[in-house]
>>> print(open('structure-v9.csv').read())   # CSV, C-alpha atoms
chain,number,residue,atom,x,y,z
X,1,MET,CA,45.1,-7.1,18.7
X,2,ALA,CA,44.4,-7.6,22.4
X,3,LYS,CA,40.9,-6.7,23.5
X,4,VAL,CA,40.7,-3.4,25.3
X,5,THR,CA,39.4,-3.9,28.9
X,6,ARG,CA,38.0,-1.6,31.6
X,7,ASP,CA,41.3,-1.9,33.4
X,8,ASP,CA,43.0,-0.4,30.4
X,9,VAL,CA,40.7,2.6,30.4
X,10,ALA,CA,41.2,3.1,34.1
X,11,ARG,CA,45.0,3.1,33.8
X,12,LEU,CA,44.9,5.6,31.0
X,13,ALA,CA,42.4,7.9,32.8
X,14,GLY,CA,44.3,7.6,36.0
X,15,THR,CA,41.3,6.3,38.0
X,16,SER,CA,39.7,3.1,39.3
X,17,THR,CA,37.7,0.6,37.3
X,18,ALA,CA,34.8,1.4,39.6
X,19,VAL,CA,34.8,5.0,38.4
X,20,VAL,CA,35.0,3.9,34.8
X,21,SER,CA,31.9,1.7,35.5
X,22,TYR,CA,30.1,4.7,37.0
X,23,VAL,CA,30.8,6.7,33.9
X,24,ILE,CA,29.7,4.0,31.5
X,25,ASN,CA,26.5,3.2,33.4
X,26,ASP,CA,25.8,6.8,34.5
X,27,GLY,CA,25.8,5.8,38.1
X,28,PRO,CA,25.0,4.6,40.7
X,29,ARG,CA,27.6,7.1,42.2
X,30,PRO,CA,28.3,10.6,40.8
X,31,VAL,CA,31.6,11.3,39.0
X,32,ALA,CA,33.3,14.7,39.0
X,33,PRO,CA,33.1,16.4,35.6
X,34,ALA,CA,36.8,16.6,35.1
X,35,THR,CA,37.2,12.9,35.9
X,36,ARG,CA,34.3,12.0,33.6
X,37,GLU,CA,36.0,13.8,30.8
X,38,ARG,CA,39.3,11.9,31.4
X,39,VAL,CA,37.4,8.6,31.3
X,40,LEU,CA,35.5,9.4,28.2
X,41,ALA,CA,38.7,10.6,26.4
X,42,ALA,CA,40.4,7.3,27.4
X,43,ILE,CA,37.4,5.3,26.1
X,44,LYS,CA,37.6,7.2,22.8
X,45,GLU,CA,41.4,6.9,22.4
X,46,LEU,CA,41.4,3.1,23.2
X,47,GLY,CA,38.3,2.3,21.2
X,48,TYR,CA,36.8,0.6,24.3
X,49,ARG,CA,33.4,-1.1,23.8
X,50,PRO,CA,31.5,-2.3,26.9
X,51,ASP,CA,30.7,-6.0,27.0
X,52,ARG,CA,26.9,-5.8,27.3
X,53,VAL,CA,26.5,-9.5,27.7
X,54,ALA,CA,28.9,-9.5,30.7
X,55,GLN,CA,27.1,-6.5,32.1
X,56,ALA,CA,23.7,-8.2,31.8
X,57,MET,CA,25.0,-11.3,33.5
X,58,ALA,CA,26.3,-9.2,36.4
X,59,SER,CA,23.2,-7.1,36.8
X,60,ARG,CA,20.8,-9.9,35.7
X,61,ARG,CA,19.1,-7.4,33.4
X,62,THR,CA,19.8,-6.2,29.9
X,63,ASP,CA,19.2,-3.0,28.0
X,64,LEU,CA,16.5,-4.7,26.1
X,65,ILE,CA,12.7,-4.4,26.2
X,66,GLY,CA,10.6,-7.3,24.9
X,67,MET,CA,7.4,-6.4,23.1
X,68,ILE,CA,4.8,-8.9,22.0
X,69,VAL,CA,2.1,-7.9,19.5
X,70,PRO,CA,-0.6,-10.0,17.8
X,71,ASP,CA,0.5,-9.3,14.2
X,72,ALA,CA,3.0,-6.6,13.2
X,73,ARG,CA,1.8,-6.9,9.6
X,74,GLN,CA,-1.3,-5.0,10.6
X,75,PRO,CA,-0.6,-1.2,10.4
X,76,PHE,CA,-1.8,-0.4,13.8
X,77,PHE,CA,0.5,-2.8,15.6
X,78,GLY,CA,3.4,-1.9,13.3
X,79,GLU,CA,3.0,1.8,14.1
X,80,MET,CA,2.6,1.1,17.8
X,81,ALA,CA,5.8,-1.0,17.9
X,82,HIS,CA,7.7,1.8,16.1
X,83,ALA,CA,6.4,4.3,18.6
X,84,VAL,CA,7.6,2.0,21.5
X,85,GLU,CA,11.0,1.6,19.8
X,86,GLN,CA,11.4,5.4,19.6
X,87,ALA,CA,10.4,5.9,23.2
X,88,ALA,CA,12.7,3.1,24.3
X,89,ALA,CA,15.6,4.7,22.4
X,90,GLU,CA,15.1,7.9,24.3
X,91,ARG,CA,15.8,5.9,27.4
X,92,GLY,CA,18.8,4.1,26.0
X,93,LYS,CA,17.0,0.8,25.5
X,94,MET,CA,16.4,-1.4,22.4
X,95,VAL,CA,13.2,-3.3,21.6
X,96,LEU,CA,12.8,-6.9,20.6
X,97,VAL,CA,9.4,-7.6,18.9
X,98,GLY,CA,7.7,-11.0,18.7
X,99,ASN,CA,4.4,-11.8,16.9
X,100,SER,CA,1.9,-14.0,18.8
X,101,ASP,CA,-0.3,-14.4,15.6
X,102,TYR,CA,-3.3,-14.4,18.0
X,103,LEU,CA,-2.2,-17.7,19.4
X,104,ASP,CA,-1.8,-18.6,23.1
X,105,ASP,CA,1.1,-20.9,22.5
X,106,ARG,CA,3.1,-18.2,20.6
X,107,GLU,CA,2.4,-15.6,23.2
X,108,VAL,CA,3.7,-17.8,26.0
X,109,HIS,CA,6.7,-18.8,23.8
X,110,TYR,CA,7.8,-15.2,23.5
X,111,LEU,CA,7.1,-14.4,27.1
X,112,ARG,CA,9.4,-17.2,28.1
X,113,ALA,CA,12.0,-16.3,25.5
X,114,PHE,CA,12.2,-12.6,26.4
X,115,LEU,CA,12.1,-13.1,30.1
X,116,GLY,CA,14.7,-15.8,29.8
X,117,MET,CA,16.9,-13.2,28.1
X,118,ARG,CA,16.6,-11.0,31.2
X,119,VAL,CA,14.9,-8.1,29.4
X,120,ALA,CA,14.6,-4.9,31.4
X,121,GLY,CA,10.8,-5.3,31.1
X,122,LEU,CA,8.1,-6.5,28.8
X,123,ILE,CA,5.4,-4.6,26.9
X,124,LEU,CA,2.5,-6.9,26.0
X,125,VAL,CA,-0.2,-6.2,23.4
X,126,SER,CA,-2.1,-9.2,24.4
X,127,GLN,CA,-3.9,-11.4,21.8
X,128,GLY,CA,-6.8,-12.5,24.0
X,129,PRO,CA,-7.9,-13.6,27.5
X,130,SER,CA,-4.4,-14.9,28.2
X,131,GLU,CA,-4.8,-16.9,31.4
X,132,ARG,CA,-1.6,-18.9,30.5
X,133,ALA,CA,0.3,-15.6,29.9
X,134,ALA,CA,-0.8,-14.3,33.2
X,135,ALA,CA,0.4,-17.4,35.0
X,136,GLU,CA,3.8,-17.2,33.2
X,137,ILE,CA,4.2,-13.5,34.2
X,138,ASP,CA,3.4,-14.4,37.8
X,139,ALA,CA,5.9,-17.3,37.7
X,140,TRP,CA,8.7,-15.0,36.5
X,141,ASP,CA,7.7,-12.1,38.8
X,142,ALA,CA,8.2,-10.0,35.6
X,143,ARG,CA,8.0,-6.3,35.0
X,144,VAL,CA,5.2,-6.0,32.6
X,145,VAL,CA,3.1,-3.2,31.1
X,146,LEU,CA,0.0,-4.0,29.1
X,147,LEU,CA,-0.6,-1.8,26.1
X,148,HIS,CA,-3.8,-1.3,24.0
X,149,ARG,CA,-5.6,-4.2,25.6
X,150,ARG,CA,-6.1,-5.3,29.2
X,151,PRO,CA,-7.3,-8.9,29.5
X,152,ASP,CA,-9.5,-9.7,32.5
X,153,ALA,CA,-7.0,-12.3,33.6
X,154,MET,CA,-4.2,-9.7,34.1
X,155,ASP,CA,-4.0,-7.1,36.7
X,156,ASP,CA,-0.7,-5.5,35.5
X,157,VAL,CA,-0.4,-1.7,34.9
X,158,ALA,CA,-2.1,-1.0,31.5
X,159,VAL,CA,-2.0,1.9,29.0
X,160,VAL,CA,-5.1,2.0,26.8
X,161,THR,CA,-7.3,4.3,24.7
X,162,ASP,CA,-10.8,5.4,25.5
X,163,ASP,CA,-12.2,2.8,23.0
X,164,ILE,CA,-15.9,3.2,24.1
X,165,GLY,CA,-15.8,6.9,23.9
X,166,GLY,CA,-14.0,6.9,20.5
X,167,ALA,CA,-16.5,4.5,18.8
X,168,HIS,CA,-19.4,6.6,20.3
X,169,LEU,CA,-17.9,9.7,18.7
X,170,ALA,CA,-17.6,8.1,15.3
X,171,THR,CA,-21.1,6.6,15.4
X,172,ARG,CA,-22.8,9.8,16.6
X,173,HIS,CA,-21.0,11.7,13.8
X,174,LEU,CA,-22.3,9.3,11.1
X,175,LEU,CA,-25.9,9.6,12.6
X,176,GLU,CA,-25.6,13.4,12.5
X,177,HIS,CA,-25.1,13.1,8.8
X,178,GLY,CA,-28.8,12.0,8.7
X,179,HIS,CA,-28.4,8.3,8.1
X,180,GLU,CA,-31.3,6.2,9.2
X,181,TYR,CA,-28.9,3.9,11.1
X,182,VAL,CA,-25.3,2.9,11.3
X,183,ALA,CA,-24.1,-0.7,11.0
X,184,CYS,CA,-21.1,-2.0,12.9
X,185,LEU,CA,-18.3,-4.3,11.6
X,186,GLY,CA,-17.0,-5.8,14.8
X,187,GLY,CA,-14.5,-8.6,15.5
X,188,VAL,CA,-14.7,-12.3,15.2
X,189,ASP,CA,-16.1,-13.0,18.7
X,190,GLU,CA,-19.8,-12.8,19.1
X,191,THR,CA,-19.5,-13.0,22.9
X,192,PRO,CA,-18.2,-9.8,24.5
X,193,VAL,CA,-14.7,-10.1,26.0
X,194,ILE,CA,-13.7,-7.9,28.9
X,195,GLY,CA,-10.7,-5.7,28.2
X,196,ASP,CA,-10.9,-6.2,24.4
X,197,PRO,CA,-10.8,-2.9,22.5
X,198,VAL,CA,-13.1,-4.3,19.7
X,199,THR,CA,-15.6,-5.3,22.3
X,200,ASP,CA,-15.5,-1.7,23.6
X,201,HIS,CA,-15.8,-0.3,20.1
X,202,VAL,CA,-19.0,-2.3,19.7
X,203,GLU,CA,-20.2,-1.0,23.0
X,204,GLY,CA,-19.5,2.6,22.0
X,205,TRP,CA,-21.5,2.0,18.8
X,206,ARG,CA,-24.4,0.5,20.8
X,207,ARG,CA,-24.5,3.4,23.2
X,208,ALA,CA,-24.6,6.0,20.4
X,209,MET,CA,-27.3,4.1,18.5
X,210,ARG,CA,-29.4,3.7,21.7
X,211,GLU,CA,-29.1,7.4,22.6
X,212,ALA,CA,-30.4,8.2,19.1
X,213,GLY,CA,-33.3,5.8,19.5
X,214,ARG,CA,-32.1,3.4,16.8
X,215,SER,CA,-32.1,-0.3,17.0
X,216,THR,CA,-28.9,-2.4,16.8
X,217,GLU,CA,-30.8,-5.6,16.1
X,218,GLY,CA,-29.3,-7.4,13.0
X,219,ARG,CA,-26.9,-4.5,12.4
X,220,LEU,CA,-23.7,-5.9,14.0
X,221,PHE,CA,-21.5,-8.0,11.6
X,222,GLN,CA,-18.5,-10.1,12.5
X,223,ALA,CA,-15.3,-9.8,10.5
X,224,PRO,CA,-11.6,-10.5,11.0
X,225,TYR,CA,-9.5,-7.5,11.8
X,226,ASN,CA,-7.4,-7.5,8.6
X,227,ARG,CA,-8.5,-5.7,5.4
X,228,TYR,CA,-8.4,-8.8,3.2
X,229,ASP,CA,-11.0,-10.9,5.1
X,230,ALA,CA,-13.0,-7.7,5.9
X,231,TYR,CA,-13.2,-7.1,2.2
X,232,LYS,CA,-14.8,-10.5,1.6
X,233,VAL,CA,-17.4,-9.8,4.3
X,234,ALA,CA,-18.1,-6.4,2.9
X,235,LEU,CA,-18.7,-7.8,-0.6
X,236,ASP,CA,-21.5,-9.9,0.7
X,237,LEU,CA,-22.9,-7.2,2.9
X,238,LEU,CA,-22.8,-4.4,0.3
X,239,ALA,CA,-24.2,-6.6,-2.5
X,240,GLY,CA,-27.1,-7.8,-0.4
X,241,PRO,CA,-30.7,-6.3,-0.5
X,242,ASP,CA,-30.3,-4.6,2.9
X,243,ARG,CA,-27.1,-2.6,2.3
X,244,PRO,CA,-26.6,-0.2,5.3
X,245,PRO,CA,-26.3,3.5,4.7
X,246,ALA,CA,-23.3,3.8,7.0
X,247,ILE,CA,-20.8,1.5,8.6
X,248,VAL,CA,-18.5,2.1,11.6
X,249,CYS,CA,-15.6,-0.4,11.6
X,250,ALA,CA,-13.7,-1.7,14.7
X,251,THR,CA,-10.3,-1.1,12.9
X,252,ASP,CA,-9.0,1.0,10.0
X,253,ASP,CA,-7.8,-2.2,8.3
X,254,GLN,CA,-11.4,-3.4,8.2
X,255,ALA,CA,-12.6,0.0,6.9
X,256,ILE,CA,-9.9,-0.2,4.1
X,257,GLY,CA,-11.4,-3.5,3.1
X,258,VAL,CA,-14.9,-2.1,3.1
X,259,LEU,CA,-13.7,0.8,0.8
X,260,ARG,CA,-12.2,-1.7,-1.6
X,261,ALA,CA,-15.4,-3.7,-1.7
X,262,ALA,CA,-17.5,-0.6,-2.3
X,263,ARG,CA,-15.3,0.5,-5.2
X,264,GLU,CA,-15.5,-2.9,-6.8
X,265,LEU,CA,-19.3,-2.9,-6.5
X,266,ARG,CA,-19.6,0.7,-7.7
X,267,VAL,CA,-21.1,1.8,-4.4
X,268,ASP,CA,-20.3,5.5,-4.1
X,269,VAL,CA,-18.6,6.6,-0.8
X,270,PRO,CA,-19.8,8.8,0.8
X,271,GLY,CA,-22.8,9.4,-1.5
X,272,GLU,CA,-24.4,5.9,-1.0
X,273,LEU,CA,-22.3,4.6,1.9
X,274,ALA,CA,-20.6,6.4,4.7
X,275,VAL,CA,-17.6,4.6,6.3
X,276,ALA,CA,-15.6,5.3,9.5
X,277,GLY,CA,-12.7,3.3,11.0
X,278,PHE,CA,-10.8,3.2,14.2
X,279,ASP,CA,-7.0,3.7,14.9
X,280,ASP,CA,-6.0,6.5,12.4
X,281,VAL,CA,-3.2,4.5,10.8
X,282,LYS,CA,-1.1,6.5,8.4
X,283,GLU,CA,-2.7,4.9,5.4
X,284,ALA,CA,-6.2,6.1,6.5
X,285,ALA,CA,-5.4,9.6,5.1
X,286,LEU,CA,-4.5,8.2,1.7
X,287,THR,CA,-7.4,5.9,1.0
X,288,ASP,CA,-9.9,6.9,-1.7
X,289,PRO,CA,-11.8,8.7,-0.3
X,290,PRO,CA,-9.7,9.5,2.8
X,291,LEU,CA,-11.0,7.7,5.8
X,292,THR,CA,-12.8,9.2,8.7
X,293,THR,CA,-11.5,7.5,11.8
X,294,VAL,CA,-10.8,7.6,15.6
X,295,ALA,CA,-7.3,8.6,16.7
X,296,SER,CA,-5.3,8.2,19.9
X,297,ASP,CA,-1.9,9.6,20.8
X,298,ARG,CA,0.2,6.6,20.1
X,299,PRO,CA,3.6,8.3,20.7
X,300,ALA,CA,2.3,9.5,24.2
X,301,MET,CA,0.9,6.0,25.0
X,302,ALA,CA,4.2,4.4,23.9
X,303,ARG,CA,6.2,6.8,26.0
X,304,ALA,CA,3.9,6.2,29.0
X,305,ALA,CA,4.3,2.5,28.7
X,306,VAL,CA,8.1,2.7,28.5
X,307,ASP,CA,8.3,5.1,31.4
X,308,LEU,CA,6.0,3.0,33.6
X,309,LEU,CA,8.1,-0.1,32.8
X,310,LEU,CA,11.5,1.5,33.6
X,311,ASP,CA,10.6,3.8,36.4
X,312,ASP,CA,8.5,3.3,39.6
X,313,GLY,CA,5.2,3.3,37.8
X,314,LEU,CA,4.7,-0.4,38.3
X,315,ARG,CA,4.5,0.1,42.0
X,316,VAL,CA,1.1,1.7,41.7
X,317,SER,CA,-1.1,0.2,44.4
X,318,GLY,CA,-4.9,0.3,44.9
X,319,THR,CA,-7.7,-1.0,42.7
X,320,ARG,CA,-7.5,-2.4,39.2
X,321,ARG,CA,-8.7,1.0,37.9
X,322,ASP,CA,-5.8,2.7,39.8
X,323,ARG,CA,-3.4,0.7,37.6
X,324,LEU,CA,-5.0,2.0,34.4
X,325,ARG,CA,-3.7,4.8,32.2
X,326,GLN,CA,-6.4,5.8,29.8
X,327,PHE,CA,-5.7,8.2,26.9
X,328,PRO,CA,-8.5,10.1,25.2
X,329,SER,CA,-9.7,9.4,21.6
X,330,ALA,CA,-10.3,12.0,19.0
X,331,LEU,CA,-12.5,12.0,15.9
X,332,VAL,CA,-10.5,12.7,12.6
X,333,ILE,CA,-13.1,13.7,10.0
X,334,ARG,CA,-12.3,13.0,6.3
X,335,ARG,CA,-14.3,12.5,3.2
X,336,SER,CA,-15.4,8.9,3.7
X,337,CYS,CA,-18.4,10.1,5.7
X,338,GLY,CA,-19.0,13.2,3.7
X,339,GLY,CA,-16.8,15.4,5.9
X,340,SER,CA,-13.8,17.6,5.3
X,341,PRO,CA,-11.5,16.5,2.4
X,342,GLY,CA,-8.5,17.4,4.5
X,343,LEU,CA,-5.8,14.7,4.7
X,344,SER,CA,-4.8,15.3,8.3
X,345,LEU,CA,-1.4,13.7,7.7
>>> encode(input="structure-v9.csv", output="structure tokens")
Amino acid sequence: MAKVTRDDVARLAGTSTAVVSYVINDGPRPVAPATRERVLAAIKELGYRPDRVAQAMASRRTDLIGMIVPDARQPFFGEMAHAVEQAAAERGKMVLVGNSDYLDDREVHYLRAFLGMRVAGLILVSQGPSERAAAEIDAWDARVVLLHRRPDAMDDVAVVTDDIGGAHLATRHLLEHGHEYVACLGGVDETPVIGDPVTDHVEGWRRAMREAGRSTEGRLFQAPYNRYDAYKVALDLLAGPDRPPAIVCATDDQAIGVLRAARELRVDVPGELAVAGFDDVKEAALTDPPLTTVASDRPAMARAAVDLLLDDGLRVSGTRRDRLRQFPSALVIRRSCGGSPGLSL
């Protein structure tokens, strides 16, 4: 069977191929309703399918959005990627996801691969300082929106959470339960990194402790972001002679690891140990006990990132702060800190 072409659709609809193109692409010129209906009827009758590859070659841009995350196996990044996919679908776009695995080389690899495929734009959840990624973006003159993290090396439009404020809320809440102090399970970097959410979580913890007149000396502990390695760190911490009365974790995944270690060591949560996380991944409501955490509006953030990427949002001028879209954080209280037993699903 011969392949149906745009010319075939135009002949059956009694119009030009240009008008068929306007209907398929919803522009750039308007089409009268009656003519549009004739074109759509012809497309349905003939079973015409637009050649997206040819369209991409002609326009030098596809209907694809590239998204790079550090590790989609971690619930936060998986849920964020899903939210971006849903927001992109509302705009008629599809999303390709690549995992940098927290490695510069892989981040640059996916940047080159996606930009070489002429994606409509790129949403980057950066894995680190990313000087090489910044240089690559400049070389391609790419449309990029940073999501969740804004490395100091990059000046692109960014959509982030109020990480400092959120961690401050969680720490203050734990202190209000009467604990002598709150320990913090941070990331793997002892040196603060500008634009890193975990660095900001630690800063929020420090501010709350300082305001309460409590020392942070010797109360910050480094741990990888995933639950498995955080569990190993928590085993040593909770089994030691100076077990903290409360811990605020930089991620929910870490907090889930802490809860596992506490259960294994028969440390009662929240009776002997209060725990709070950050991110409010779906699983946080189903841990035992349910995890108190800090939430952000991921669907709204994903929608903002996609809209900024596809509309004129990238043309924001002014200072670096003018190119920042910050969403508020909210404390979700559950039983791991002695709060409400509600699941908050």
>>> residues_near_point(input="structure-v9.csv", point="(-21.1, 12.9, 10.5)", cutoff="9 Å", atoms="only C-alpha atoms", output="mmCIF file with C-alpha atoms, in the frame of the given file")
data_model
loop_
_atom_site.group_PDB
_atom_site.id
_atom_site.type_symbol
_atom_site.label_atom_id
_atom_site.label_comp_id
_atom_site.auth_asym_id
_atom_site.auth_seq_id
_atom_site.Cartn_x
_atom_site.Cartn_y
_atom_site.Cartn_z
ATOM 1 C CA ALA X 170 -17.600 8.100 15.300
ATOM 2 C CA THR X 171 -21.100 6.600 15.400
ATOM 3 C CA ARG X 172 -22.800 9.800 16.600
ATOM 4 C CA HIS X 173 -21.000 11.700 13.800
ATOM 5 C CA LEU X 174 -22.300 9.300 11.100
ATOM 6 C CA LEU X 175 -25.900 9.600 12.600
ATOM 7 C CA GLU X 176 -25.600 13.400 12.500
ATOM 8 C CA HIS X 177 -25.100 13.100 8.800
ATOM 9 C CA GLY X 178 -28.800 12.000 8.700
ATOM 10 C CA HIS X 179 -28.400 8.300 8.100
ATOM 11 C CA ALA X 274 -20.600 6.400 4.700
ATOM 12 C CA ILE X 333 -13.100 13.700 10.000
ATOM 13 C CA CYS X 337 -18.400 10.100 5.700
ATOM 14 C CA GLY X 338 -19.000 13.200 3.700
ATOM 15 C CA GLY X 339 -16.800 15.400 5.900
#
>>> atom_distance(input="structure-v9.csv", atom1="atom CA of X:Gly14", atom2="atom CA of X:Arg49")
18.5 Å
>>> atom_distance(input="structure-v9.csv", atom1="atom CA of X:Val144", atom2="atom CA of X:Ile194")
19.4 Å
>>> residues_around(input="structure-v9.csv", residues="X:Val275", least_positions_apart="6", cutoff="7 Å", atoms="all atoms listed in the file", output="JSON, numbers by chain")
{"X": [246, 247, 248, 255, 336, 337]}
>>> residues_around(input="structure-v9.csv", residues="X:Ala230", least_positions_apart="2", cutoff="9 Å", atoms="all atoms listed in the file", output="count of residues only")
19
>>> atom_distance(input="structure-v9.csv", atom1="atom CA of X:Gly277", atom2="atom CA of X:Val160")
17.6 Å
>>> residues_near_point(input="structure-v9.csv", point="(-25.3, -5.4, 7.6)", cutoff="9 Å", atoms="all atoms listed in the file", output="ChimeraX atom specification")
/X:183-185,218-221,234,237-238,240,242-244,247
>>> write_last_selection(input="structure-v9.csv", atoms="C-alpha atoms", output="mmCIF file, in the coordinates of the input")
data_model
loop_
_atom_site.group_PDB
_atom_site.id
_atom_site.type_symbol
_atom_site.label_atom_id
_atom_site.label_comp_id
_atom_site.auth_asym_id
_atom_site.auth_seq_id
_atom_site.Cartn_x
_atom_site.Cartn_y
_atom_site.Cartn_z
ATOM 1 C CA ALA X 183 -24.100 -0.700 11.000
ATOM 2 C CA CYS X 184 -21.100 -2.000 12.900
ATOM 3 C CA LEU X 185 -18.300 -4.300 11.600
ATOM 4 C CA GLY X 218 -29.300 -7.400 13.000
ATOM 5 C CA ARG X 219 -26.900 -4.500 12.400
ATOM 6 C CA LEU X 220 -23.700 -5.900 14.000
ATOM 7 C CA PHE X 221 -21.500 -8.000 11.600
ATOM 8 C CA ALA X 234 -18.100 -6.400 2.900
ATOM 9 C CA LEU X 237 -22.900 -7.200 2.900
ATOM 10 C CA LEU X 238 -22.800 -4.400 0.300
ATOM 11 C CA GLY X 240 -27.100 -7.800 -0.400
ATOM 12 C CA ASP X 242 -30.300 -4.600 2.900
ATOM 13 C CA ARG X 243 -27.100 -2.600 2.300
ATOM 14 C CA PRO X 244 -26.600 -0.200 5.300
ATOM 15 C CA ILE X 247 -20.800 1.500 8.600
#
>>> closest_residue(input="structure-v9.csv", among="X:Val69, X:Leu40, X:Val332, X:Ala276", to="X:His148", atoms="all atoms listed in the file")
X:Val69
>>> residues_around(input="structure-v9.csv", residues="stretch 93-103 of chain X", least_positions_apart="6", cutoff="8 Å", atoms="only C-alpha atoms", output="PyMOL selection string")
chain X and resi 63-72+81+84-85+110+127-128
